>>> print(open('data.pdb').read())   # PDB, C-alpha atoms
ATOM      1  CA  MET A   1     105.975 126.764  85.081  1.00  0.00           C
ATOM      2  CA  GLN A   2     102.196 127.104  85.080  1.00  0.00           C
ATOM      3  CA  LYS A   3      99.754 124.221  84.709  1.00  0.00           C
ATOM      4  CA  GLN A   4      96.004 124.100  84.172  1.00  0.00           C
ATOM      5  CA  VAL A   5      94.599 121.636  86.695  1.00  0.00           C
ATOM      6  CA  LYS A   6      91.133 120.108  86.821  1.00  0.00           C
ATOM      7  CA  VAL A   7      90.405 118.774  90.293  1.00  0.00           C
ATOM      8  CA  LYS A   8      87.973 115.967  91.111  1.00  0.00           C
ATOM      9  CA  PRO A   9      87.465 115.879  94.906  1.00  0.00           C
ATOM     10  CA  ASN A  10      85.929 112.950  96.823  1.00  0.00           C
ATOM     11  CA  SER A  11      87.500 110.351  94.504  1.00  0.00           C
ATOM     12  CA  LYS A  12      88.093 106.803  95.675  1.00  0.00           C
ATOM     13  CA  GLN A  13      91.830 107.037  94.949  1.00  0.00           C
ATOM     14  CA  GLN A  14      94.453 109.701  94.455  1.00  0.00           C
ATOM     15  CA  LYS A  15      95.928 110.006  90.987  1.00  0.00           C
ATOM     16  CA  ILE A  16      97.288 112.541  88.519  1.00  0.00           C
ATOM     17  CA  GLU A  17      96.527 112.149  84.817  1.00  0.00           C
ATOM     18  CA  GLU A  18      98.474 114.233  82.317  1.00  0.00           C
ATOM     19  CA  GLN A  19      96.419 115.304  79.294  1.00  0.00           C
ATOM     20  CA  ALA A  20      97.691 115.674  75.724  1.00  0.00           C
ATOM     21  CA  ASP A  21      97.542 119.482  76.004  1.00  0.00           C
ATOM     22  CA  GLY A  22      99.796 119.448  79.098  1.00  0.00           C
ATOM     23  CA  SER A  23      97.004 120.093  81.596  1.00  0.00           C
ATOM     24  CA  LEU A  24      96.444 117.787  84.555  1.00  0.00           C
ATOM     25  CA  ASN A  25      93.391 115.943  85.867  1.00  0.00           C
ATOM     26  CA  VAL A  26      93.900 115.333  89.574  1.00  0.00           C
ATOM     27  CA  HIS A  27      91.689 112.961  91.562  1.00  0.00           C
ATOM     28  CA  LEU A  28      91.682 113.773  95.288  1.00  0.00           C
ATOM     29  CA  LYS A  29      90.266 111.834  98.236  1.00  0.00           C
ATOM     30  CA  SER A  30      89.603 115.006 100.257  1.00  0.00           C
ATOM     31  CA  PRO A  31      86.281 116.830 100.154  1.00  0.00           C
ATOM     32  CA  PRO A  32      86.271 120.444  98.911  1.00  0.00           C
ATOM     33  CA  VAL A  33      85.768 121.789 102.441  1.00  0.00           C
ATOM     34  CA  ASP A  34      87.960 124.232 104.427  1.00  0.00           C
ATOM     35  CA  GLY A  35      90.767 124.071 101.842  1.00  0.00           C
ATOM     36  CA  LYS A  36      91.414 120.362 102.444  1.00  0.00           C
ATOM     37  CA  ALA A  37      91.315 119.495  98.734  1.00  0.00           C
ATOM     38  CA  ASN A  38      93.719 122.349  97.920  1.00  0.00           C
ATOM     39  CA  GLU A  39      96.160 121.135 100.596  1.00  0.00           C
ATOM     40  CA  GLU A  40      96.026 117.608  99.184  1.00  0.00           C
ATOM     41  CA  LEU A  41      96.481 118.964  95.638  1.00  0.00           C
ATOM     42  CA  ILE A  42      99.618 120.897  96.627  1.00  0.00           C
ATOM     43  CA  LYS A  43     101.028 117.834  98.423  1.00  0.00           C
ATOM     44  CA  LEU A  44     100.442 115.578  95.405  1.00  0.00           C
ATOM     45  CA  LEU A  45     101.921 118.060  92.920  1.00  0.00           C
ATOM     46  CA  ALA A  46     104.974 118.547  95.161  1.00  0.00           C
ATOM     47  CA  GLU A  47     105.569 114.781  95.113  1.00  0.00           C
ATOM     48  CA  LYS A  48     105.052 114.535  91.338  1.00  0.00           C
ATOM     49  CA  PHE A  49     107.392 117.408  90.448  1.00  0.00           C
ATOM     50  CA  LYS A  50     109.833 116.654  93.316  1.00  0.00           C
ATOM     51  CA  VAL A  51     109.750 120.147  94.806  1.00  0.00           C
ATOM     52  CA  PRO A  52     108.892 121.399  98.313  1.00  0.00           C
ATOM     53  CA  LYS A  53     105.226 122.242  98.898  1.00  0.00           C
ATOM     54  CA  SER A  54     106.185 125.906  99.353  1.00  0.00           C
ATOM     55  CA  TYR A  55     107.190 126.049  95.650  1.00  0.00           C
ATOM     56  CA  ILE A  56     103.581 125.441  94.545  1.00  0.00           C
ATOM     57  CA  THR A  57     101.033 128.259  94.406  1.00  0.00           C
ATOM     58  CA  ILE A  58      97.391 128.206  93.316  1.00  0.00           C
ATOM     59  CA  LYS A  59      97.280 131.347  91.147  1.00  0.00           C
ATOM     60  CA  SER A  60      93.559 131.258  90.366  1.00  0.00           C
ATOM     61  CA  GLY A  61      90.542 129.073  90.974  1.00  0.00           C
ATOM     62  CA  ALA A  62      91.147 128.326  94.665  1.00  0.00           C
ATOM     63  CA  THR A  63      87.428 127.598  95.130  1.00  0.00           C
ATOM     64  CA  SER A  64      86.863 126.146  91.650  1.00  0.00           C
ATOM     65  CA  ARG A  65      87.534 122.768  90.069  1.00  0.00           C
ATOM     66  CA  GLN A  66      89.527 124.498  87.326  1.00  0.00           C
ATOM     67  CA  LYS A  67      92.741 125.892  88.773  1.00  0.00           C
ATOM     68  CA  LEU A  68      95.856 127.597  87.488  1.00  0.00           C
ATOM     69  CA  VAL A  69      98.827 126.345  89.488  1.00  0.00           C
ATOM     70  CA  GLU A  70     102.342 127.771  89.409  1.00  0.00           C
ATOM     71  CA  ILE A  71     105.218 125.395  90.162  1.00  0.00           C
ATOM     72  CA  ASP A  72     108.604 126.963  90.875  1.00  0.00           C
ATOM     73  CA  THR A  73     111.116 124.463  89.472  1.00  0.00           C
ATOM     74  CA  GLU A  74     113.892 127.028  88.850  1.00  0.00           C
ATOM     75  CA  THR A  75     115.222 127.208  92.394  1.00  0.00           C
TER      76      THR A  75
END
>>> encode(input="data.pdb", output="structure tokens")
Amino acid sequence: MQKQVKVKPNSKQQKIEEQADGSLNVHLKSPPVDGKANEELIKLLAEKFKVPKSYITIKSGATSRQKLVEIDTET
């Protein structure tokens, strides 16, 4: 399953908001430095979809706020 994700780093609290079109707005506490925000994003998505972190891949937009994330829920 692929999801469009819009990331907002340096937020006061962590939260995931699902949009009407199925995309996600994810608020992260981490700054967008040295991949810290991406690590936090993968951890949060793993908790939300109840899969191991290794099942989540950032397909595109690793250095952008707009990301395409693939979540392997088939295994």
>>> resolve_selection(input="data.pdb", expression="the PyMOL selection byres ((chain A and resi 71) around 8)", output="list of chain:residue names")
A:Met1, A:Gln2, A:Lys3, A:Tyr55, A:Ile56, A:Thr57, A:Val69, A:Glu70, A:Asp72, A:Thr73
>>> resolve_selection(input="data.pdb", expression="the PyMOL selection byres ((chain A and resi 62) around 12)", output="JSON, numbers by chain")
{"A": [5, 6, 7, 32, 33, 34, 35, 36, 37, 38, 39, 41, 42, 57, 58, 59, 60, 61, 63, 64, 65, 66, 67, 68, 69]}
>>> closest_residue(input="data.pdb", among="A:Lys8, A:Glu40, A:Ser54, A:Ala46", to="Asn25 (chain A)", atoms="all atoms listed in the file")
A:Lys8
>>> residues_around(input="data.pdb", residues="Glu17 (chain A)", least_positions_apart="6", cutoff="9 Å", atoms="all atoms listed in the file", output="list in words")
Ser23, Leu24, Asn25, Val26 and His27 of chain A
>>> residues_near_point(input="data.pdb", point="(104.8, 111.9, 90.2)", cutoff="12 Å", atoms="only C-alpha atoms", output="list of chain:residue names")
A:Gln14, A:Lys15, A:Ile16, A:Glu17, A:Glu18, A:Leu24, A:Val26, A:Lys43, A:Leu44, A:Leu45, A:Ala46, A:Glu47, A:Lys48, A:Phe49, A:Lys50, A:Val51
